[in-house]
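**Q** You'll find start-v8.cif just under this line, and it carries mmCIF, C-alpha atoms.
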```cif
data_input
loop_
_atom_site.group_PDB
_atom_site.id
_atom_site.type_symbol
_atom_site.label_atom_id
_atom_site.label_comp_id
_atom_site.auth_asym_id
_atom_site.auth_seq_id
_atom_site.Cartn_x
_atom_site.Cartn_y
_atom_site.Cartn_z
ATOM 1 C CA VAL A 1 5.231 1.740 39.715
ATOM 2 C CA ASP A 2 3.892 -1.786 39.755
ATOM 3 C CA PHE A 3 2.803 -2.497 43.319
ATOM 4 C CA ASN A 4 2.609 -6.235 42.584
ATOM 5 C CA SER A 5 6.383 -6.311 42.109
ATOM 6 C CA HIS A 6 6.814 -5.105 45.704
ATOM 7 C CA HIS A 7 3.636 -6.318 47.414
ATOM 8 C CA PRO A 8 2.100 -9.662 46.366
ATOM 9 C CA MET A 9 -1.465 -8.382 46.869
ATOM 10 C CA GLY A 10 -0.896 -5.036 45.135
ATOM 11 C CA ALA A 11 -2.204 -1.906 46.851
ATOM 12 C CA ALA A 12 -5.577 -0.754 48.140
ATOM 13 C CA ALA A 13 -7.124 2.366 46.583
ATOM 14 C CA LEU A 14 -9.442 4.452 48.757
ATOM 15 C CA LEU A 15 -11.682 6.800 46.744
ATOM 16 C CA ASP A 16 -12.248 10.041 48.658
ATOM 17 C CA SER A 17 -13.887 12.936 46.807
ATOM 18 C CA GLY A 18 -13.362 15.088 49.910
ATOM 19 C CA ALA A 19 -9.559 14.753 49.811
ATOM 20 C CA ALA A 20 -7.871 17.626 47.970
ATOM 21 C CA ALA A 21 -4.875 15.527 46.908
ATOM 22 C CA ILE A 22 -3.605 12.026 46.235
ATOM 23 C CA ARG A 23 -2.122 10.650 49.458
ATOM 24 C CA VAL A 24 0.548 7.946 49.315
ATOM 25 C CA SER A 25 3.188 6.391 51.559
ATOM 26 C CA THR A 26 6.580 8.044 52.067
ATOM 27 C CA GLY A 27 8.380 5.526 49.867
ATOM 28 C CA PHE A 28 6.000 6.022 46.958
ATOM 29 C CA PHE A 29 6.019 9.800 47.508
ATOM 30 C CA GLU A 30 9.805 9.862 47.101
ATOM 31 C CA ARG A 31 9.552 7.869 43.874
ATOM 32 C CA ILE A 32 6.980 10.327 42.501
ATOM 33 C CA LEU A 33 9.224 13.249 43.484
ATOM 34 C CA LYS A 34 12.092 11.743 41.472
ATOM 35 C CA VAL A 35 10.090 11.689 38.211
ATOM 36 C CA MET A 36 8.929 15.276 38.582
ATOM 37 C CA PRO A 37 10.637 18.014 36.493
ATOM 38 C CA SER A 38 13.854 19.592 37.749
ATOM 39 C CA GLY A 39 13.246 22.256 40.373
ATOM 40 C CA CYS A 40 10.582 20.291 42.205
ATOM 41 C CA GLU A 41 11.097 19.736 45.914
ATOM 42 C CA ARG A 42 9.312 18.610 49.022
ATOM 43 C CA SER A 43 7.430 21.455 50.701
ATOM 44 C CA GLY A 44 5.414 22.088 53.844
ATOM 45 C CA THR A 45 7.478 19.805 56.048
ATOM 46 C CA GLU A 46 7.140 22.121 59.039
ATOM 47 C CA GLY A 47 3.762 22.264 60.735
ATOM 48 C CA ASN A 48 2.136 20.296 57.930
ATOM 49 C CA THR A 49 0.791 16.829 58.556
ATOM 50 C CA PHE A 50 1.124 15.874 54.886
ATOM 51 C CA PRO A 51 4.161 17.313 53.026
ATOM 52 C CA SER A 52 3.565 17.993 49.322
ATOM 53 C CA ILE A 53 5.561 19.000 46.214
ATOM 54 C CA GLU A 54 6.209 22.462 44.763
ATOM 55 C CA CYS A 55 8.041 23.307 41.546
ATOM 56 C CA GLN A 56 9.370 26.320 39.682
ATOM 57 C CA CYS A 57 7.614 25.982 36.329
ATOM 58 C CA THR A 58 6.387 27.773 33.246
ATOM 59 C CA ASP A 59 3.950 25.147 31.911
ATOM 60 C CA LEU A 60 2.552 21.710 32.689
ATOM 61 C CA GLU A 61 3.930 19.840 29.668
ATOM 62 C CA SER A 62 6.994 18.591 31.565
ATOM 63 C CA PHE A 63 4.910 16.880 34.237
ATOM 64 C CA PRO A 64 4.226 13.145 33.865
ATOM 65 C CA THR A 65 0.859 11.454 33.458
ATOM 66 C CA PHE A 66 -0.132 8.992 36.193
ATOM 67 C CA THR A 67 -1.598 5.697 35.000
ATOM 68 C CA LEU A 68 -3.488 3.470 37.435
ATOM 69 C CA SER A 69 -4.242 -0.211 36.931
ATOM 70 C CA PHE A 70 -7.356 -1.451 38.763
ATOM 71 C CA GLU A 71 -8.228 -5.091 39.275
ATOM 72 C CA SER A 72 -11.431 -5.906 37.424
ATOM 73 C CA SER A 73 -14.404 -7.638 39.025
ATOM 74 C CA ARG A 74 -14.062 -10.217 36.211
ATOM 75 C CA ASN A 75 -10.666 -11.227 37.534
ATOM 76 C CA TRP A 76 -10.432 -14.712 39.028
ATOM 77 C CA ARG A 77 -7.895 -16.606 41.083
ATOM 78 C CA PHE A 78 -6.422 -20.099 40.921
ATOM 79 C CA LEU A 79 -4.094 -21.614 43.522
ATOM 80 C CA GLY A 80 -3.429 -18.191 45.012
ATOM 81 C CA LEU A 81 -2.644 -16.572 41.637
ATOM 82 C CA ASP A 82 -4.909 -14.061 39.924
ATOM 83 C CA MET A 83 -5.313 -13.845 36.164
ATOM 84 C CA GLY A 84 -4.403 -10.168 35.986
ATOM 85 C CA VAL A 85 -7.682 -8.967 34.443
ATOM 86 C CA ASP A 86 -7.614 -5.198 34.905
ATOM 87 C CA PHE A 87 -8.388 -1.857 33.316
ATOM 88 C CA LEU A 88 -6.402 1.346 33.076
ATOM 89 C CA THR A 89 -7.200 4.962 33.785
ATOM 90 C CA CYS A 90 -4.862 7.923 33.912
ATOM 91 C CA ILE A 91 -4.481 11.303 35.606
ATOM 92 C CA PRO A 92 -3.030 14.058 33.380
ATOM 93 C CA PRO A 93 -0.975 16.949 34.813
ATOM 94 C CA VAL A 94 -3.848 19.395 34.407
ATOM 95 C CA ALA A 95 -5.790 17.351 36.990
ATOM 96 C CA TYR A 96 -3.158 17.279 39.732
ATOM 97 C CA VAL A 97 -0.991 20.381 39.167
ATOM 98 C CA VAL A 98 -2.072 23.914 40.059
ATOM 99 C CA LYS A 99 0.008 26.789 38.653
ATOM 100 C CA ASP A 100 0.157 30.071 40.566
ATOM 101 C CA ARG A 101 2.627 32.889 39.720
ATOM 102 C CA GLY A 102 5.363 30.630 38.400
ATOM 103 C CA ILE A 103 4.918 28.047 41.159
ATOM 104 C CA CYS A 104 3.354 24.675 40.370
ATOM 105 C CA ARG A 105 1.806 22.900 43.319
ATOM 106 C CA VAL A 106 1.467 19.150 42.890
ATOM 107 C CA ALA A 107 -1.585 17.612 44.557
ATOM 108 C CA VAL A 108 0.303 14.571 45.831
ATOM 109 C CA VAL A 109 1.079 14.394 49.546
ATOM 110 C CA ASP A 110 3.175 12.210 51.812
ATOM 111 C CA GLY A 111 0.854 10.207 54.055
ATOM 112 C CA GLY A 112 3.621 8.765 56.212
ATOM 113 C CA GLU A 113 5.942 5.788 56.210
ATOM 114 C CA HIS A 114 3.202 3.271 57.004
ATOM 115 C CA HIS A 115 0.244 4.314 54.865
ATOM 116 C CA THR A 116 -1.829 1.141 54.875
ATOM 117 C CA ALA A 117 -5.416 -0.104 54.761
ATOM 118 C CA PHE A 118 -6.636 -3.644 55.337
ATOM 119 C CA GLY A 119 -3.067 -4.539 56.287
ATOM 120 C CA ILE A 120 -1.531 -3.708 52.887
ATOM 121 C CA GLU A 121 -0.041 -0.664 51.110
ATOM 122 C CA ALA A 122 -2.734 1.910 50.307
ATOM 123 C CA MET A 123 -3.246 5.232 48.564
ATOM 124 C CA VAL A 124 -6.046 7.767 48.828
ATOM 125 C CA LEU A 125 -7.315 8.967 45.458
ATOM 126 C CA GLY A 126 -8.736 12.431 46.016
ATOM 127 C CA VAL A 127 -9.972 15.283 43.818
ATOM 128 C CA PRO A 128 -7.272 14.883 41.070
ATOM 129 C CA PHE A 129 -8.547 11.372 40.418
ATOM 130 C CA PHE A 130 -12.184 12.473 40.184
ATOM 131 C CA ARG A 131 -11.228 15.294 37.789
ATOM 132 C CA SER A 132 -9.905 12.813 35.253
ATOM 133 C CA THR A 133 -12.035 9.713 35.784
ATOM 134 C CA VAL A 134 -15.702 8.749 35.656
ATOM 135 C CA VAL A 135 -16.800 7.026 38.868
ATOM 136 C CA ALA A 136 -20.189 5.386 39.459
ATOM 137 C CA TYR A 137 -21.587 3.149 42.177
ATOM 138 C CA ASP A 138 -23.968 0.254 41.489
ATOM 139 C CA VAL A 139 -26.140 -0.061 44.599
ATOM 140 C CA HIS A 140 -27.637 -3.425 43.636
ATOM 141 C CA ARG A 141 -24.337 -5.123 42.813
ATOM 142 C CA ARG A 142 -22.454 -3.134 45.449
ATOM 143 C CA GLU A 143 -19.690 -2.444 42.922
ATOM 144 C CA VAL A 144 -17.772 0.684 41.944
ATOM 145 C CA ALA A 145 -17.443 1.349 38.206
ATOM 146 C CA ILE A 146 -14.452 3.376 37.009
ATOM 147 C CA GLY A 147 -13.912 4.597 33.461
ATOM 148 C CA THR A 148 -11.714 6.950 31.463
ATOM 149 C CA LEU A 149 -13.038 10.476 31.069
ATOM 150 C CA THR A 150 -13.625 11.191 27.369
ATOM 151 C CA PRO A 151 -14.473 14.478 25.612
ATOM 152 C CA PRO A 152 -18.001 15.139 24.304
ATOM 153 C CA ALA A 153 -18.990 13.431 21.068
ATOM 154 C CA ASP A 154 -18.964 16.706 19.140
ATOM 155 C CA SER A 155 -15.481 17.633 20.368
ATOM 156 C CA GLN A 156 -12.456 17.403 18.062
ATOM 157 C CA ASP A 157 -10.099 16.783 20.962
ATOM 158 C CA GLY A 158 -8.683 13.368 21.704
ATOM 159 C CA PRO A 159 -8.626 11.690 25.108
ATOM 160 C CA ALA A 160 -7.425 13.731 28.071
ATOM 161 C CA CYS A 161 -4.325 11.527 28.358
ATOM 162 C CA GLU A 162 -2.789 8.355 26.980
ATOM 163 C CA CYS A 163 -2.608 5.508 29.482
ATOM 164 C CA THR A 164 0.503 3.337 29.632
ATOM 165 C CA ASP A 165 0.401 -0.037 31.335
ATOM 166 C CA PRO A 166 2.391 0.167 34.614
ATOM 167 C CA LYS A 167 2.438 -3.580 35.205
ATOM 168 C CA ASN A 168 5.802 -5.363 35.219
ATOM 169 C CA TRP A 169 5.349 -8.537 33.163
ATOM 170 C CA TRP A 170 8.180 -10.411 34.916
ATOM 171 C CA SER A 171 8.036 -9.418 38.587
ATOM 172 C CA THR A 172 4.331 -10.048 39.161
ATOM 173 C CA GLY A 173 3.865 -11.108 42.794
ATOM 174 C CA LYS A 174 0.637 -13.135 42.889
ATOM 175 C CA ARG A 175 -0.488 -12.009 39.440
ATOM 176 C CA LEU A 176 -0.218 -14.566 36.647
ATOM 177 C CA SER A 177 1.606 -13.170 33.619
ATOM 178 C CA GLY A 178 0.978 -14.940 30.311
ATOM 179 C CA ARG A 179 4.199 -13.524 28.846
ATOM 180 C CA ARG A 180 6.216 -14.771 31.812
ATOM 181 C CA VAL A 181 4.629 -18.222 31.518
ATOM 182 C CA ALA A 182 5.475 -18.326 27.796
ATOM 183 C CA VAL A 183 9.105 -17.324 28.444
ATOM 184 C CA CYS A 184 9.490 -19.958 31.176
ATOM 185 C CA LEU A 185 7.923 -22.687 29.033
ATOM 186 C CA ALA A 186 10.145 -21.755 26.078
ATOM 187 C CA PHE A 187 13.237 -21.894 28.313
ATOM 188 C CA VAL A 188 12.269 -25.290 29.742
ATOM 189 C CA ALA A 189 11.519 -26.611 26.245
ATOM 190 C CA GLY A 190 14.924 -25.359 25.039
ATOM 191 C CA VAL A 191 16.773 -27.039 27.917
ATOM 192 C CA ALA A 192 14.843 -30.288 27.412
ATOM 193 C CA THR A 193 15.610 -30.243 23.663
ATOM 194 C CA TYR A 194 19.310 -29.636 24.326
ATOM 195 C CA VAL A 195 19.538 -32.493 26.848
ATOM 196 C CA PHE A 196 17.688 -34.846 24.490
ATOM 197 C CA LEU A 197 19.821 -34.026 21.468
ATOM 198 C CA MET A 198 23.182 -34.021 23.240
ATOM 199 C CA HIS A 199 22.802 -36.841 25.755
ATOM 200 C CA SER A 200 20.004 -39.184 24.673
ATOM 201 C CA HIS A 201 20.964 -42.633 23.329
ATOM 202 C CA SER A 202 17.754 -43.055 21.319
ATOM 203 C CA SER A 203 17.877 -43.607 17.566
ATOM 204 C CA LEU A 204 15.893 -40.412 17.040
ATOM 205 C CA ALA A 205 18.488 -38.371 18.937
ATOM 206 C CA ASP A 206 21.313 -40.091 17.035
ATOM 207 C CA ALA A 207 19.649 -39.195 13.707
ATOM 208 C CA ALA A 208 19.161 -35.590 14.831
ATOM 209 C CA ARG A 209 22.798 -35.280 15.892
ATOM 210 C CA LEU A 210 23.920 -36.697 12.548
ATOM 211 C CA ARG A 211 21.847 -34.112 10.679
ATOM 212 C CA LEU A 212 23.266 -31.310 12.831
ATOM 213 C CA ARG A 213 26.827 -32.388 11.999
ATOM 214 C CA ARG A 214 26.047 -32.175 8.277
ATOM 215 C CA PHE A 215 25.215 -28.482 8.717
#
```
Show me this structure written as structure tokens.
**A**
Amino acid sequence: VDFNSHHPMGAAALLDSGAAAIRVSTGFFERILKVMPSGCERSGTEGNTFPSIECQCTDLESFPTFTLSFESSRNWRFLGLDMGVDFLTCIPPVAYVVKDRGICRVAVVDGGEHHTAFGIEAMVLGVPFFRSTVVAYDVHRREVAIGTLTPPADSQDGPACECTDPKNWWSTGKRLSGRRVAVCLAFVAGVATYVFLMHSHSSLADAARLRLRRF
């Protein structure tokens, strides 16, 4: 899900190592539930402040990997648009799914219809996030550093998961997309070329039209 396609400012991420699960708004929770394997359903709706997801399962391979795109401190803005400088990190199923006697419990909970912080959509990244990501805090710069968790140097295993970019290159909100700019410029250039060739009375346009007729 690309939050910029729905909310111009994206979404706020609150890092909470004391939270046992990832907490999101009801709308986002329902979208996560739809991409879960068949047999998954909402659970704990009665007497539970934050409903979660439970599934009948035999393994974790059918569960999706969550990829998060964070705005980088190197990002900059111009006329209300940001340049989209970001970095990716992902949460594999082993970090957010707990299997117990044929039941898989997904550590993603419904935080309510209006789950916001600082006036915008927000999510709480709890223990599953910290299991799959390196987090450090620079006291002097007052910045949080986030990186992908990698295996030890002597390990033969690859990365814990493969990150896929969740950003929508066309519906970007306030994020500037170079691909979208290129497509728009190419379209405008094509329209301008067509108008010039078909309707201009200049000698250059007349010569171009004559060459086109020869083809």
**Q** Please indicate the distance in Å from CA of Pro37 (chain A) to CA of Leu60 (chain A), rounded to one decimal place.
**A**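 We find that CA of Pro37 (chain A) and CA of Leu60 (chain A) lie 9.7 Å from each other.
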**Q** Would you place a box with edges along x, y and z of the file around all atoms of region 123-138 of chain A listed there, add 3 Å to each of its six sides, and report the centre and edge lengths in Å to one decimal, as AutoDock Vina command-line options?
**A**
```
--center_x -13.6 --center_y 7.8 --center_z 42.0 --size_x 26.7 --size_y 21.0 --size_z 19.6
```
**Q** For each of A:Arg74, A:Arg142, A:Arg23, A:Arg105, take the minimum atom-to-atom distance to Gly39 (chain A), counting all atoms listed in the file, then give the residue where this is smallest.
**A**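 Between A:Arg74, A:Arg142, A:Arg23, A:Arg105, the residue approaching Gly39 (chain A) most closely is A:Arg105.
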**Q** At what distance in Å, to one decimal, does CA of Asp86 (chain A) lie from CA of Ser17 (chain A)?
**A**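 Distance reported for this atom pair: 22.6 Å.
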**Q** Which residue, A:Ala95, A:Met36, A:Val181, A:Val144, has the smallest gap to Cys57 (chain A) when you use all atoms listed in the file?
**A**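 The shortest atom-to-atom distance to Cys57 (chain A) comes from A:Met36.
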**Q** Using CA of Ile32 (chain A) and CA of Phe87 (chain A) as the two end points, give the distance in Å to one decimal.
**A**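 Value for the CA of Ile32 (chain A)-CA of Phe87 (chain A) distance: 21.7 Å.
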**Q** For Ser72 (chain A), which residue among A:Ala11, A:Thr116, A:Pro92, A:Ala145 is the nearest when counting all atoms listed in the file?
**A**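 Checking each candidate against Ser72 (chain A), we get A:Ala145 as the closest.
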**Q** Any chance you could resolve the PyMOL selection byres ((chain A and resi 100) around 12) against this file and give the residues as a PyMOL selection string?
**A** chain A and resi 54-60+97-99+101-106
**Q** Would you please work out which residue, of A:Ser52, A:Thr89, A:Ser200, A:Ser38, is nearest to Gly147 (chain A) when using all atoms listed in the file?
**A**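 Distance minimum relative to Gly147 (chain A) lands on A:Thr89.
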**Q** With only C-alpha atoms as the basis for distance, which of A:Ala189, A:Ile91, A:Val127, A:Ala117 is at the shortest distance from Glu162 (chain A)?
**A**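 Looking only at the distances to Glu162 (chain A), the closest residue turns out to be A:Ile91.
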**Q** Which residues match the PyMOL selection byres ((chain A and resi 68) around 10) in the file above, as a list in words?
**A**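 On the file shown, the PyMOL selection byres ((chain A and resi 68) around 10) covers Val1, Asp2, Ala13, Thr65, Phe66, Thr67, Ser69, Phe70, Glu71, Asp86, Phe87, Leu88, Thr89, Cys90, Ile91, Phe129, Cys163, Thr164, Asp165, Pro166 and Lys167 of chain A.
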**Q** Closest to Ala122 (chain A) among A:Ala20, A:Ala192, A:Thr26, A:Arg214, using all atoms listed in the file?
**A**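 With all atoms listed in the file as the atom set, the closest residue is A:Thr26.
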**Q** Any chance you could resolve the PyMOL selection byres ((chain A and resi 130) around 10) against this file and give the residues as a ChimeraX atom specification?
**A** /A:15-17,91,95,125-129,131-135,146,149
**Q** Please produce region 107-128 of chain A, completed to N, CA, C and O atoms, as a PDB file, in the coordinates of the input.
**A**
```
ATOM      1  N   ALA A 107      -0.616  18.137  43.595  1.00  0.00           N
ATOM      2  CA  ALA A 107      -1.585  17.612  44.557  1.00  0.00           C
ATOM      3  C   ALA A 107      -1.308  16.142  44.868  1.00  0.00           C
ATOM      4  O   ALA A 107      -2.167  15.267  44.696  1.00  0.00           O
ATOM      5  N   VAL A 108      -0.096  15.890  45.328  1.00  0.00           N
ATOM      6  CA  VAL A 108       0.303  14.571  45.831  1.00  0.00           C
ATOM      7  C   VAL A 108       0.994  14.798  47.166  1.00  0.00           C
ATOM      8  O   VAL A 108       1.939  15.598  47.235  1.00  0.00           O
ATOM      9  N   VAL A 109       0.532  14.148  48.213  1.00  0.00           N
ATOM     10  CA  VAL A 109       1.079  14.394  49.546  1.00  0.00           C
ATOM     11  C   VAL A 109       1.618  13.114  50.161  1.00  0.00           C
ATOM     12  O   VAL A 109       1.226  12.003  49.793  1.00  0.00           O
ATOM     13  N   ASP A 110       2.534  13.311  51.094  1.00  0.00           N
ATOM     14  CA  ASP A 110       3.175  12.210  51.812  1.00  0.00           C
ATOM     15  C   ASP A 110       2.309  11.843  53.013  1.00  0.00           C
ATOM     16  O   ASP A 110       2.166  12.613  53.962  1.00  0.00           O
ATOM     17  N   GLY A 111       1.734  10.648  52.977  1.00  0.00           N
ATOM     18  CA  GLY A 111       0.854  10.207  54.055  1.00  0.00           C
ATOM     19  C   GLY A 111       1.557   9.513  55.195  1.00  0.00           C
ATOM     20  O   GLY A 111       0.910   9.058  56.140  1.00  0.00           O
ATOM     21  N   GLY A 112       2.885   9.412  55.135  1.00  0.00           N
ATOM     22  CA  GLY A 112       3.621   8.765  56.212  1.00  0.00           C
ATOM     23  C   GLY A 112       4.265   7.464  55.774  1.00  0.00           C
ATOM     24  O   GLY A 112       3.938   6.909  54.721  1.00  0.00           O
ATOM     25  N   GLU A 113       5.186   6.992  56.570  1.00  0.00           N
ATOM     26  CA  GLU A 113       5.942   5.788  56.210  1.00  0.00           C
ATOM     27  C   GLU A 113       5.050   4.566  56.102  1.00  0.00           C
ATOM     28  O   GLU A 113       5.228   3.727  55.222  1.00  0.00           O
ATOM     29  N   HIS A 114       4.090   4.441  57.013  1.00  0.00           N
ATOM     30  CA  HIS A 114       3.202   3.271  57.004  1.00  0.00           C
ATOM     31  C   HIS A 114       1.792   3.734  56.644  1.00  0.00           C
ATOM     32  O   HIS A 114       0.961   3.991  57.511  1.00  0.00           O
ATOM     33  N   HIS A 115       1.546   3.872  55.350  1.00  0.00           N
ATOM     34  CA  HIS A 115       0.244   4.314  54.865  1.00  0.00           C
ATOM     35  C   HIS A 115      -0.481   3.082  54.338  1.00  0.00           C
ATOM     36  O   HIS A 115      -0.355   2.712  53.166  1.00  0.00           O
ATOM     37  N   THR A 116      -1.231   2.432  55.211  1.00  0.00           N
ATOM     38  CA  THR A 116      -1.829   1.141  54.875  1.00  0.00           C
ATOM     39  C   THR A 116      -3.329   1.140  55.134  1.00  0.00           C
ATOM     40  O   THR A 116      -3.869   1.974  55.855  1.00  0.00           O
ATOM     41  N   ALA A 117      -3.996   0.165  54.529  1.00  0.00           N
ATOM     42  CA  ALA A 117      -5.416  -0.104  54.761  1.00  0.00           C
ATOM     43  C   ALA A 117      -5.627  -1.591  54.546  1.00  0.00           C
ATOM     44  O   ALA A 117      -5.056  -2.178  53.615  1.00  0.00           O
ATOM     45  N   PHE A 118      -6.394  -2.200  55.408  1.00  0.00           N
ATOM     46  CA  PHE A 118      -6.636  -3.644  55.337  1.00  0.00           C
ATOM     47  C   PHE A 118      -5.336  -4.437  55.437  1.00  0.00           C
ATOM     48  O   PHE A 118      -5.217  -5.545  54.901  1.00  0.00           O
ATOM     49  N   GLY A 119      -4.323  -3.840  56.073  1.00  0.00           N
ATOM     50  CA  GLY A 119      -3.067  -4.539  56.287  1.00  0.00           C
ATOM     51  C   GLY A 119      -2.110  -4.521  55.104  1.00  0.00           C
ATOM     52  O   GLY A 119      -1.076  -5.185  55.141  1.00  0.00           O
ATOM     53  N   ILE A 120      -2.417  -3.767  54.049  1.00  0.00           N
ATOM     54  CA  ILE A 120      -1.531  -3.708  52.887  1.00  0.00           C
ATOM     55  C   ILE A 120      -1.304  -2.239  52.498  1.00  0.00           C
ATOM     56  O   ILE A 120      -1.985  -1.340  52.982  1.00  0.00           O
ATOM     57  N   GLU A 121      -0.333  -2.002  51.618  1.00  0.00           N
ATOM     58  CA  GLU A 121      -0.041  -0.664  51.110  1.00  0.00           C
ATOM     59  C   GLU A 121      -1.316  -0.041  50.523  1.00  0.00           C
ATOM     60  O   GLU A 121      -2.118  -0.713  49.872  1.00  0.00           O
ATOM     61  N   ALA A 122      -1.512   1.257  50.780  1.00  0.00           N
ATOM     62  CA  ALA A 122      -2.734   1.910  50.307  1.00  0.00           C
ATOM     63  C   ALA A 122      -2.439   3.321  49.830  1.00  0.00           C
ATOM     64  O   ALA A 122      -1.448   3.939  50.232  1.00  0.00           O
ATOM     65  N   MET A 123      -3.306   3.828  48.983  1.00  0.00           N
ATOM     66  CA  MET A 123      -3.246   5.232  48.564  1.00  0.00           C
ATOM     67  C   MET A 123      -4.666   5.787  48.577  1.00  0.00           C
ATOM     68  O   MET A 123      -5.635   5.053  48.370  1.00  0.00           O
ATOM     69  N   VAL A 124      -4.765   7.076  48.854  1.00  0.00           N
ATOM     70  CA  VAL A 124      -6.046   7.767  48.828  1.00  0.00           C
ATOM     71  C   VAL A 124      -6.132   8.569  47.536  1.00  0.00           C
ATOM     72  O   VAL A 124      -5.282   9.424  47.273  1.00  0.00           O
ATOM     73  N   LEU A 125      -7.125   8.273  46.727  1.00  0.00           N
ATOM     74  CA  LEU A 125      -7.315   8.967  45.458  1.00  0.00           C
ATOM     75  C   LEU A 125      -8.355  10.060  45.670  1.00  0.00           C
ATOM     76  O   LEU A 125      -9.553   9.787  45.799  1.00  0.00           O
ATOM     77  N   GLY A 126      -7.870  11.300  45.731  1.00  0.00           N
ATOM     78  CA  GLY A 126      -8.736  12.431  46.016  1.00  0.00           C
ATOM     79  C   GLY A 126      -9.227  13.143  44.766  1.00  0.00           C
ATOM     80  O   GLY A 126      -9.430  12.533  43.710  1.00  0.00           O
ATOM     81  N   VAL A 127      -9.396  14.462  44.884  1.00  0.00           N
ATOM     82  CA  VAL A 127      -9.972  15.283  43.818  1.00  0.00           C
ATOM     83  C   VAL A 127      -9.270  15.117  42.466  1.00  0.00           C
ATOM     84  O   VAL A 127      -9.945  15.039  41.430  1.00  0.00           O
ATOM     85  N   PRO A 128      -7.914  15.054  42.393  1.00  0.00           N
ATOM     86  CA  PRO A 128      -7.272  14.883  41.070  1.00  0.00           C
ATOM     87  C   PRO A 128      -7.765  13.653  40.325  1.00  0.00           C
ATOM     88  O   PRO A 128      -7.910  13.677  39.098  1.00  0.00           O
TER      89      PRO A 128
END
```
